[in-house]
There are 4 protein chains.
Amino acid sequence: MSNETVAADPPAPSTGRARNPRTHQAILDATVQLLGEVGYQDLSIERVASRAGVGKATIYRWWNSKSALVIEAMERGLPVELPEHTGDPRTDLRAAIQSAVQTYAVGQVGSTVPALAAEVSRDATGAEQLRQFLRPRRDAAREVLHQAAAVGTLPPDVDIETVIDLFIGAIFYRSLVRKLPVDAVMVEQLVELILDGRLPRTIP
Amino acid sequence: MSNETVAADPPAPSTGRARNPRTHQAILDATVQLLGEVGYQDLSIERVASRAGVGKATIYRWWNSKSALVIEAMERGLPVELPEHTGDPRTDLRAAIQSAVQTYAVGQVGSTVPALAAEVSRDATGAEQLRQFLRPRRDAAREVLHQAAAVGTLPPDVDIETVIDLFIGAIFYRSLVRKLPVDAVMVEQLVELILDGRLPRTIP
Amino acid sequence: MSNETVAADPPAPSTGRARNPRTHQAILDATVQLLGEVGYQDLSIERVASRAGVGKATIYRWWNSKSALVIEAMERGLPVELPEHTGDPRTDLRAAIQSAVQTYAVGQVGSTVPALAAEVSRDATGAEQLRQFLRPRRDAAREVLHQAAAVGTLPPDVDIETVIDLFIGAIFYRSLVRKLPVDAVMVEQLVELILDGRLPRTIP
Amino acid sequence: MSNETVAADPPAPSTGRARNPRTHQAILDATVQLLGEVGYQDLSIERVASRAGVGKATIYRWWNSKSALVIEAMERGLPVELPEHTGDPRTDLRAAIQSAVQTYAVGQVGSTVPALAAEVSRDATGAEQLRQFLRPRRDAAREVLHQAAAVGTLPPDVDIETVIDLFIGAIFYRSLVRKLPVDAVMVEQLVELILDGRLPRTIP
DNA sequence: ACGTAATCGAGACGGTACGTCAAGTCTTACT
DNA sequence: AGTAAGACTTGACGTACCGTCTCGATTACGT
């Protein structure tokens, strides 16, 4: 799993005063708070600084952009919490999909990821940082699908990456663009599509 | 089909000097140009105004936000061009999916839609305008799927809206977040998933 | 006395529809009202137009500047009202000075004249219009002083214009710059200065 | 004498980057220049900023209005320069009056003071700042008159403040409203009025 | 233990853009 | 023809943040 930070750590100086961990945490905390209060668009470095009781320059020293700051803040404030694999493909896939719903379709973070995605669309470094943040979730889903392919629940040559894109994309798009909630029914529809090849049906 | 404009037309005045169509077109043209040159994020009303040779106030008179302006500009600059229905579900669905790729995954517009979606996520009016813009594309896809269900190619109780979310979502997500091109292979994978219930396979 | 208008009457058209007196009066009335409500500085042509239920262009057709409009409005709304001359120099001079106090030191108008003076300081036409407005008051004072000189109350070679400047200036300056009220005491001091050559004394 | 500044100094911060004196001077210089070029009315903060090579916000940080800025600029660019008292009342009074002429009736400043007076007529703070600026001139005149009263040239109970209003007012009014030059003749008339109780006479 | 060097808060600074307001001109349609 | 309504360009307003830059004042090393 990824333990790397996305922060743009400046070259470690051989001597001098060390970076103050308290300050660092205060900045990340303030970022998470403001993200919840005003959302990504209206979050400004200036506000983070004053909320954290910190100079603006301190933030710029450690993060080179708003997106980098927010990504690290979400990483710390939103750790990946995946249940243990049970070995049952259906149960495990359902858990992976529900985890994706948490990431993409719930609360502040749900609306932050798309904003981030749009913002970094012209910035290669930022895009990579965002992918780093999303990777653990994707890794978890991949493991589940690999396992399912291994036990024969899925065809052996299934294109796992595209399958992942399918269900994350559906959740992402429905929540972000269509502004519809992603509920248990849809989760079940996705599970059935992937494991049974059964297209979603309307509920009679 | 939707012929409505998304522009925030101020109450139609019964009298007074008529709106100058040249001015209006110049604004929309400048918006489209700048969208291509600098992208949605860096597009500012100020730049649009100076590029169009127009006062800022004129823009604000007719559009109450950057998003409203951009949506109308895209609508005019990117008309829905769908091929005639052939009656063959596979051919028509492929065309609909390719049209979605054009909208969500190609060029400036591809990166504009997500930025718009993120921006209007806190603004009910803007969100509605965005949906108005996207509706014709969605309508076209719906018709194709209805037709397929009618002729028995799809099960009669298929949840068409969710199916649409599936393929648009996959295209959207792959292009925006994963920064991968959406090619003919993927289009074919989506067609087969929907019409044959066949999960995507890796190419040997 | 001056019966001329200061309005910038456009060249009288030989034919066509005549200037509408109702419209004209409504504009002047609205100007006087707004002058009282918001003062000269914050009076805008736009507000006058909407208050008068009139198009902006109509105002610009008949007056070429805010100052011209305001001057005419004051002329109509603030006619010179001088008491009959009694023949007694002291009484008549006191009346003339009190009239100057009314013009320069009381209410909205008091603060309008200096603003006008400042505004027209770079505009020869406007300056002339302002002088036209002030002339009747000055004429009245001059008559009184002439009379006083004729009957020997003032030396025959007194420089009447400068004497007028003295008392108007004192009133003007004290009210505008020093923001002090101009009361009966000061009026009396001015009368005594002019008629008796007695410098103002403090009140014991 | 008053050494106080009229600048609206924000609460002196105990910490933070110090105010840059170069920047400050550049703003005041630009203000004085523009005052001479376009006058008070057409002087805009925006122009001052661009002329001084400075951000608008920097100006607004230190001065809360155009009038405050202009007053301080005049203060620095137009220091009170009074000749030594000779002890001779006539000589000293003549010098004080000539100083008033300089302030109120000459050049850019002459037309700036009335504009300022008109502008601050609705603003108590601004009015006070203007009085602060004018105070040193008034103080000088007061001293002279006090001296004259002390040596018996003036009656002991003369109302010095009103006498000052008289001659400043005459100069102010004649220059601003009547647009007439204030020459040596008038200065002499004022001196004689005050010291000899002799009303101004026409020159034969 | 001490001096050195980097960190930190605070916030000044030159900018860009915001969204608003009014000025003064021009156009259209009504009366 | 005169007028109301109001579209339009222009330019300034005062505010918010941007990202960079000084300031002093504080630490925590390495010697």
# chains A, B, ... in the order shown; residues from 1 in each chain; ligands from 1
>>> select_by_dssp(residues="segment 100-184 of chain B", states="helix (DSSP H, G or I)", output="number ranges by chain")
B: 100-105, 107-122, 124-150, 160-176, 184
>>> residues_around(residues="segment 201-204 of chain D", least_positions_apart="5", cutoff="9 Å", atoms="only C-alpha atoms (C1' of nucleotides)", output="list of chain:residue names")
C:Pro155, C:Pro156, C:Asp157, C:Val158, C:Asp159, C:Ile160, C:Thr162, D:Gln189
>>> residues_around(residues="Ala52 of chain B", least_positions_apart="3", cutoff="8 Å", atoms="only C-alpha atoms (C1' of nucleotides)", output="ChimeraX atom specification")
/B:23,26-27,29-30,48-49
>>> interface_residues(of="chain E", to="chain D", cutoff="7 Å", atoms="only C-alpha atoms (C1' of nucleotides)", output="ChimeraX atom specification")
/E:10-12,14-15
>>> closest_atom_pairs(of="chain F", to="chain D", cutoff="12 Å", atoms="only C-alpha atoms (C1' of nucleotides)", output="tab-separated table")
residue	atom	partner	partner_atom	distance
F:DG11	C1'	D:Glu46	CA	9.7
F:DA12	C1'	D:Glu46	CA	7.2
F:DC13	C1'	D:Ile45	CA	9.0
F:DG14	C1'	D:Tyr60	CA	8.3
F:DT15	C1'	D:Ala57	CA	8.6
F:DA16	C1'	D:Ala57	CA	10.1
F:DC17	C1'	D:Ala57	CA	11.4
F:DC21	C1'	D:Arg17	CA	9.0
F:DT22	C1'	D:Arg17	CA	5.6
F:DC23	C1'	D:Arg17	CA	4.5
F:DG24	C1'	D:Thr15	CA	7.4
F:DA25	C1'	D:Thr15	CA	9.4
>>> atom_distance(atom1="atom CA of Arg142 of chain D", atom2="atom CA of Lys179 of chain C")
18.6 Å
>>> interface_residues(of="chain D", to="chain C", cutoff="8 Å", atoms="only C-alpha atoms", output="NGL selection string")
:D and (41 or 111-112 or 114-115 or 117-119 or 121 or 127 or 131 or 157-160 or 162-163 or 165-174 or 176-178 or 193-194 or 197-202)
>>> residues_around(residues="Glu84 of chain C", least_positions_apart="4", cutoff="12 Å", atoms="only C-alpha atoms (C1' of nucleotides)", output="PyMOL selection string")
chain C and resi 88+91-93+95-96+140+143-144
>>> write_last_selection(atoms="C-alpha atoms", output="mmCIF file, in the first residue's frame")
data_model
loop_
_atom_site.group_PDB
_atom_site.id
_atom_site.type_symbol
_atom_site.label_atom_id
_atom_site.label_comp_id
_atom_site.auth_asym_id
_atom_site.auth_seq_id
_atom_site.Cartn_x
_atom_site.Cartn_y
_atom_site.Cartn_z
ATOM 1 C CA ASP C 88 -32.680 102.066 5.737
ATOM 2 C CA THR C 91 -31.992 96.984 7.678
ATOM 3 C CA ASP C 92 -31.532 96.353 4.001
ATOM 4 C CA LEU C 93 -27.938 95.177 4.359
ATOM 5 C CA ALA C 95 -31.561 91.341 4.847
ATOM 6 C CA ALA C 96 -29.074 90.920 2.038
ATOM 7 C CA ALA C 140 -29.449 92.507 -4.621
ATOM 8 C CA GLU C 143 -28.078 97.610 -4.894
ATOM 9 C CA VAL C 144 -28.203 97.888 -1.142
#
>>> atom_distance(atom1="atom CA of Val80 of chain A", atom2="atom CA of Pro136 of chain A")
7.0 Å
